[in-house]
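K.L.:
Below: one structure in structure tokens.
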Amino acid sequence: MVNEKKRSIWYYLKRDRFIYCLLIPGILYYLIFHYLPMLGVIIAFKDYKPFFGLQGIFTSQWVGFKHFMKFFRSAYCMRLIKNTLLISIYSLLWGFPIPIILALLINEVRGNLFKRSVQTISYLPHFLSAVIVCGIIRNMVSVDGGLVNAIVKAFGGTPVSFLSEPQYFRTIYIASGIWSGMGWASIIYIAAMAGLDQELYDAAKVDGAGVLKRMWHITIPGIMPVICLRLILQIGELMSVGSGKILLLYNSQIYSTADVISTYVYREGVGKMNFSFATAIGLFESIVSLILVVGSNAVVKKLGQEGIW
Amino acid sequence: MKRNKKYISGENVFQVVDVLLLTLVSLIIIIPVFSVVMTSFVSQSEIARRGSFILIPEKFDFTAFRMLWSGRKSIIRAYSNTMYRVLLGTSLQMLMTISFAYGLSRRNLKGRSLITKYVVVTMLFSGGMIPGFLLVQLLGLYNTRLSMILPGLMSTWNMLVMRNFFMAIPSSLEEAAIIDGANDVQILTKVVLPLSKATIATIALFYAVGHWNAWFDAMLYINDVSKMPMQNLLRNIITATSGISDLEMDMTLVETTPPTIAMQSAVIVISTLPIICVYPFVQKYFVKGVMVGSIKG
């Protein structure tokens with residue numbers, strides 16, 4: 001036993017050499033493609049220009065918080081933070097409960113064939129790429145021949161060019177997000193519901209609890225840990241509205257509601273090559289997100305639920 | 001008795017409402033997809049005459065598809081770029097994910113928790129879009145097809161799912177193999193992998209769909225149209241009408257050009273068709289994958 005503890009690190013390296021060999025490519029991968037970019041954020045504190053090359057990352061002039069101050073003082077700053085937060089808060093308010101309700105509906109419905117068909121249909125949009133979903137959205141809201149404008153006309157309205165009017169953007173973005181994500185997000189809840197103790201339901205039936213009461217008093221408390229877990233993950237994302245779908249949908253006419261931090265980072269960084277400035281904004285976003293994840297995890301743990309770590 | 005009757009009818013009312021709501025949800029999902037398919041068959045004259053949303057065209061017009069056929073060279077090229085990233089990308093991802101997950105699943109490995117932390121940190125914090133973009137340039141990957149593969153060589157989430165699955169394999173099986181004289185390599189190939197076929201298939205499907213649908217990395221890292229995958233060709237066509245010129249079509253083939261909306265729909269149809277065809281058969285694997293992933297390790 002004493003001998004066991006004295007064994008040197010070489011003993012373990014030799015004993016598990018095959019395992020360490022398996023791990024090396026992955027360790028290198030994380031080093032190169034995840035940790036190097038983390039080091040790369042130092043250009044946020046420097047004046048890095050594209051033509052400086054690799055050594056420019058280290059040799060370029062140190063400017064401290066200049067780029068951050070420039071961003072916080074710019075007219076865009078408040079608009080970007082506001083747009084980002086509004087899109088994610090509304091997405092959370094609408095998009096978070098809907099998969100739970102869908103799961104409850106699917107869980108309670110009788111008839112296996114019907115149940116499975118609804119599930120198959122509702123998961124489908126998850127497998128369509130953002131490009132295709134945005135193509136479908138453009139098709140739906142198109143002025144000539146779109147479904148939404150056909151409905152508007154049927155009710156006596158005049159067709160609207162929805163993607164050039166700022167006030168419709170959030171609705172389009174969030175509704176399409178729910179459309180493509182609700183079925184897939186419901187799977188995890190349906191799985192959690194399937195794991196609940198059937199005897200609880202039988203006992204509640206004997207006691208005369210109707211279907212709604214059983215949902216409220218058995219199903220929802222039963223899946224609470226899963227709900228909390230999903231909620232922490234989503235709160236952590238509040239500051240990071242992905243740029244992908246927005247880049248596919250927006251145009252300069254609707255920047256006032258559609259432009260978010262990540263799309264601005266894209267335009268400044270990749271478009272205008274202001275690498276240092278764009279990195280600074282990206283770093284600000286990452287740090288706020290980190291605080292949100294850690295914070296919400298702590299709150300959930302305080303409330304007596306299991307966190308993500 | 002009376003009470004019982006009331007209780008049952010309440011249950012039935014709920015069922016009726018439930019079925020109606022779920023039917024509504026299904027229709028909301030199906031109708032946009034269906035209407036895009038139908039729009040691809042609408043002719044210029046019909047859209048001019050009926051002037052609005054057309055769920056079922058009076059006459060199925062194949063002009064849009066005929067035009068796409070004349071531009072098939074670019075479409076086939078884009079598809080082959082997509083296949084490149086799906087096949088090569090998924091294989092490399094599986095190789096990396098399985099090796100790493102298996103390594104991390106070994107409970108008595110020295111430094112295991114340190115390596116796990118090393119990996120999980122990357123889920124919480126990242127350098128962001130621009131440092132990643134600079135890295136690809138500095139590594140000389142810019143405008144190469146490898147730039148769609150290397151930066152996403154492993155998904156931490158999928159790797160952890162795989163690791164949790166490996167850890168759930170009873171250790172008695174491994175011990176029995178050791179007694180039979182198996183070494184580490186044989187334990188992996190003869191015991192662990194055969195038991196994990198379903199999970200491996202599921203994760204490979206996740207990766208493959210991810211590659212099939214990805215476009216953002218190609219937009220950032222590739223500027224040569226001939227190296228772009230299908231999704232990016234589609235994006236150019238959907239977001240800018242000028243994108244249609246990417247297809248290098250022969251306009252003389254058709255008398256009247258199809259409406260833009262029909263062209264866009266037709267491109268959506270041909271790029272979605274493979275997914276829609278395969279989807280019903282592989283759906284259950286994906287669902288299983290989500291279930292495995294939901295068990296915390």
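By order in the structure tokens, chains are A, B, ...; within a chain, residues start at 1; ligands start at 1, following the order shown.
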Distance limit 6 Å, atoms considered: only C-alpha atoms. Which chain A residues sit that close to chain B? Return them as number ranges by chain.
P.N.:
A: 19, 22-23, 33, 37-38, 40-41, 105, 129, 131, 135, 144-147, 150, 279, 282
K.L.:
Could you name the residues that touch Ala103 in chain A at 9 Å or less, counting only C-alpha atoms, but leaving out those on the same chain fewer than 4 positions away, as number ranges by chain?
P.N.:
A: 98-99, 107-108, 183, 185-190, 193
K.L.:
Leaving out range 219-231 of chain A and any residue of its chain fewer than 3 positions from it, which residues lie within 10 Å of it when counting only C-alpha atoms, given as a PyMOL selection string?
P.N.:
(chain A and resi 92+96-97+100+104+107+185+188-197+200-201+212-216+234-237+296-297+300-301+303-308) or (chain B and resi 294)
K.L.:
For the residues in the current selection, export C-alpha atoms as a PDB file, in the first residue's frame.
P.N.:
ATOM      1  CA  LEU A  92     -36.593  33.193 -23.450  1.00  0.00           C
ATOM      2  CA  PHE A  96     -38.739  28.623 -23.027  1.00  0.00           C
ATOM      3  CA  PRO A  97     -42.277  27.622 -21.923  1.00  0.00           C
ATOM      4  CA  ILE A 100     -42.543  22.395 -22.018  1.00  0.00           C
ATOM      5  CA  LEU A 104     -47.011  18.075 -21.757  1.00  0.00           C
ATOM      6  CA  ASN A 107     -47.076  13.220 -23.061  1.00  0.00           C
ATOM      7  CA  ALA A 185     -36.305  21.169 -27.200  1.00  0.00           C
ATOM      8  CA  ILE A 188     -35.610  16.294 -23.177  1.00  0.00           C
ATOM      9  CA  TYR A 189     -38.814  17.085 -21.259  1.00  0.00           C
ATOM     10  CA  ILE A 190     -40.688  14.155 -22.786  1.00  0.00           C
ATOM     11  CA  ALA A 191     -37.820  11.894 -21.735  1.00  0.00           C
ATOM     12  CA  ALA A 192     -37.921  13.296 -18.206  1.00  0.00           C
ATOM     13  CA  MET A 193     -41.698  12.774 -18.062  1.00  0.00           C
ATOM     14  CA  ALA A 194     -41.377   9.176 -19.210  1.00  0.00           C
ATOM     15  CA  GLY A 195     -39.116   8.561 -16.224  1.00  0.00           C
ATOM     16  CA  LEU A 196     -41.677   9.709 -13.652  1.00  0.00           C
ATOM     17  CA  ASP A 197     -43.253   7.176 -11.321  1.00  0.00           C
ATOM     18  CA  LEU A 200     -48.074   8.702  -8.473  1.00  0.00           C
ATOM     19  CA  TYR A 201     -50.460   9.224 -11.371  1.00  0.00           C
ATOM     20  CA  LEU A 212     -54.639  19.358 -15.357  1.00  0.00           C
ATOM     21  CA  LYS A 213     -54.163  18.847 -11.623  1.00  0.00           C
ATOM     22  CA  ARG A 214     -51.951  15.824 -12.266  1.00  0.00           C
ATOM     23  CA  MET A 215     -49.817  17.876 -14.663  1.00  0.00           C
ATOM     24  CA  TRP A 216     -49.482  20.674 -12.164  1.00  0.00           C
ATOM     25  CA  GLN A 234     -30.356  29.663 -21.672  1.00  0.00           C
ATOM     26  CA  ILE A 235     -29.704  32.513 -19.218  1.00  0.00           C
ATOM     27  CA  GLY A 236     -26.010  32.014 -19.893  1.00  0.00           C
ATOM     28  CA  GLU A 237     -26.771  32.726 -23.543  1.00  0.00           C
ATOM     29  CA  SER A 296     -27.378  31.717 -12.733  1.00  0.00           C
ATOM     30  CA  ASN A 297     -25.782  28.430 -11.776  1.00  0.00           C
ATOM     31  CA  VAL A 300     -30.152  27.705  -9.021  1.00  0.00           C
ATOM     32  CA  LYS A 301     -27.952  25.915  -6.497  1.00  0.00           C
ATOM     33  CA  LEU A 303     -32.697  27.426  -4.657  1.00  0.00           C
ATOM     34  CA  GLY A 304     -31.877  23.821  -3.868  1.00  0.00           C
ATOM     35  CA  GLN A 305     -31.771  22.482  -7.417  1.00  0.00           C
ATOM     36  CA  GLU A 306     -28.895  20.751  -9.090  1.00  0.00           C
ATOM     37  CA  GLY A 307     -26.708  23.098 -11.136  1.00  0.00           C
ATOM     38  CA  ILE A 308     -24.559  22.290 -14.149  1.00  0.00           C
TER      39      ILE A 308
ATOM     40  CA  SER B 294     -29.378  14.482 -20.835  1.00  0.00           C
TER      41      SER B 294
END
K.L.:
List the spatial neighbours of range 173-177 of chain A as a list in words - criterion: any atom at most 10 Å away, only C-alpha atoms, same-chain residues fewer than 3 positions off excluded.
P.N.:
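My list of contacting residues is Ile87, Ser88, Tyr90, Ser91, Leu92, Trp94, Gly95, Pro125, His126, Ala130, Val133, Cys134, Ile136, Ile137, Tyr168, Phe169, Arg170, Ser180, Gly181, Met182, Lys245, Ile246, Leu249, Tyr250 and Ala258 of chain A.
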K.L.:
Record the distance separating CA of Val191 in chain B and CA of Leu173 in chain B, expressed in Å with one decimal.
P.N.:
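Separation of CA of Val191 in chain B and CA of Leu173 in chain B: 7.5 Å.
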K.L.:
Return as a PyMOL selection string the full set of residues in range 125-197 of chain B whose backbone-based DSSP assignment is alpha helix (DSSP H).
P.N.:
chain B and resi 129-138+156-168+171-179+184-186+193-195+197
K.L.:
If you keep C-alpha atoms, can you produce a file of those selected residues as a short mmCIF file (atom, residue, chain, number, x, y, z; two decimals), in the first residue's frame?
P.N.:
data_model
loop_
_atom_site.label_atom_id
_atom_site.label_comp_id
_atom_site.auth_asym_id
_atom_site.auth_seq_id
_atom_site.Cartn_x
_atom_site.Cartn_y
_atom_site.Cartn_z
CA MET B 129 -14.99 35.34 -33.70
CA ILE B 130 -12.03 37.55 -34.60
CA PRO B 131 -9.17 35.70 -32.82
CA GLY B 132 -10.53 32.50 -34.37
CA PHE B 133 -10.56 34.17 -37.77
CA LEU B 134 -6.97 35.42 -37.31
CA LEU B 135 -5.85 31.97 -36.20
CA VAL B 136 -7.21 30.37 -39.37
CA GLN B 137 -5.35 32.97 -41.42
CA LEU B 138 -2.10 32.56 -39.51
CA THR B 156 -16.93 19.13 -26.34
CA TRP B 157 -20.57 18.37 -25.74
CA ASN B 158 -20.56 15.26 -27.97
CA MET B 159 -17.28 14.15 -26.46
CA LEU B 160 -18.73 14.34 -22.93
CA VAL B 161 -21.82 12.41 -24.04
CA MET B 162 -19.54 9.72 -25.47
CA ARG B 163 -17.42 9.69 -22.31
CA ASN B 164 -20.48 9.28 -20.10
CA PHE B 165 -21.58 6.37 -22.23
CA PHE B 166 -18.16 4.70 -21.99
CA MET B 167 -18.17 5.20 -18.23
CA ALA B 168 -21.53 3.47 -17.96
CA SER B 171 -16.11 -2.31 -15.45
CA SER B 172 -16.50 -6.05 -14.84
CA LEU B 173 -16.41 -6.51 -18.64
CA GLU B 174 -13.06 -4.77 -18.85
CA GLU B 175 -11.72 -6.68 -15.89
CA ALA B 176 -12.73 -9.96 -17.50
CA ALA B 177 -10.90 -8.92 -20.67
CA ILE B 178 -7.79 -8.06 -18.64
CA ILE B 179 -7.86 -11.49 -17.00
CA ASP B 184 -5.53 -1.44 -23.54
CA VAL B 185 -5.82 -1.44 -27.33
CA GLN B 186 -7.77 -4.70 -27.32
CA LEU B 193 -16.38 -0.17 -29.26
CA PRO B 194 -18.64 -3.14 -30.09
CA LEU B 195 -20.81 -2.24 -27.08
CA LYS B 197 -22.18 0.97 -31.79
#
K.L.:
What is the distance, in Å and to one decimal place, between CA of Leu290 in chain A and CA of Leu233 in chain A?
P.N.:
11.1 Å
K.L.:
Between CA of Leu88 in chain B and CA of Leu146 in chain B, what is the distance in Å, rounded to a tenth?
P.N.:
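For CA of Leu88 in chain B relative to CA of Leu146 in chain B, the distance reads 9.4 Å.
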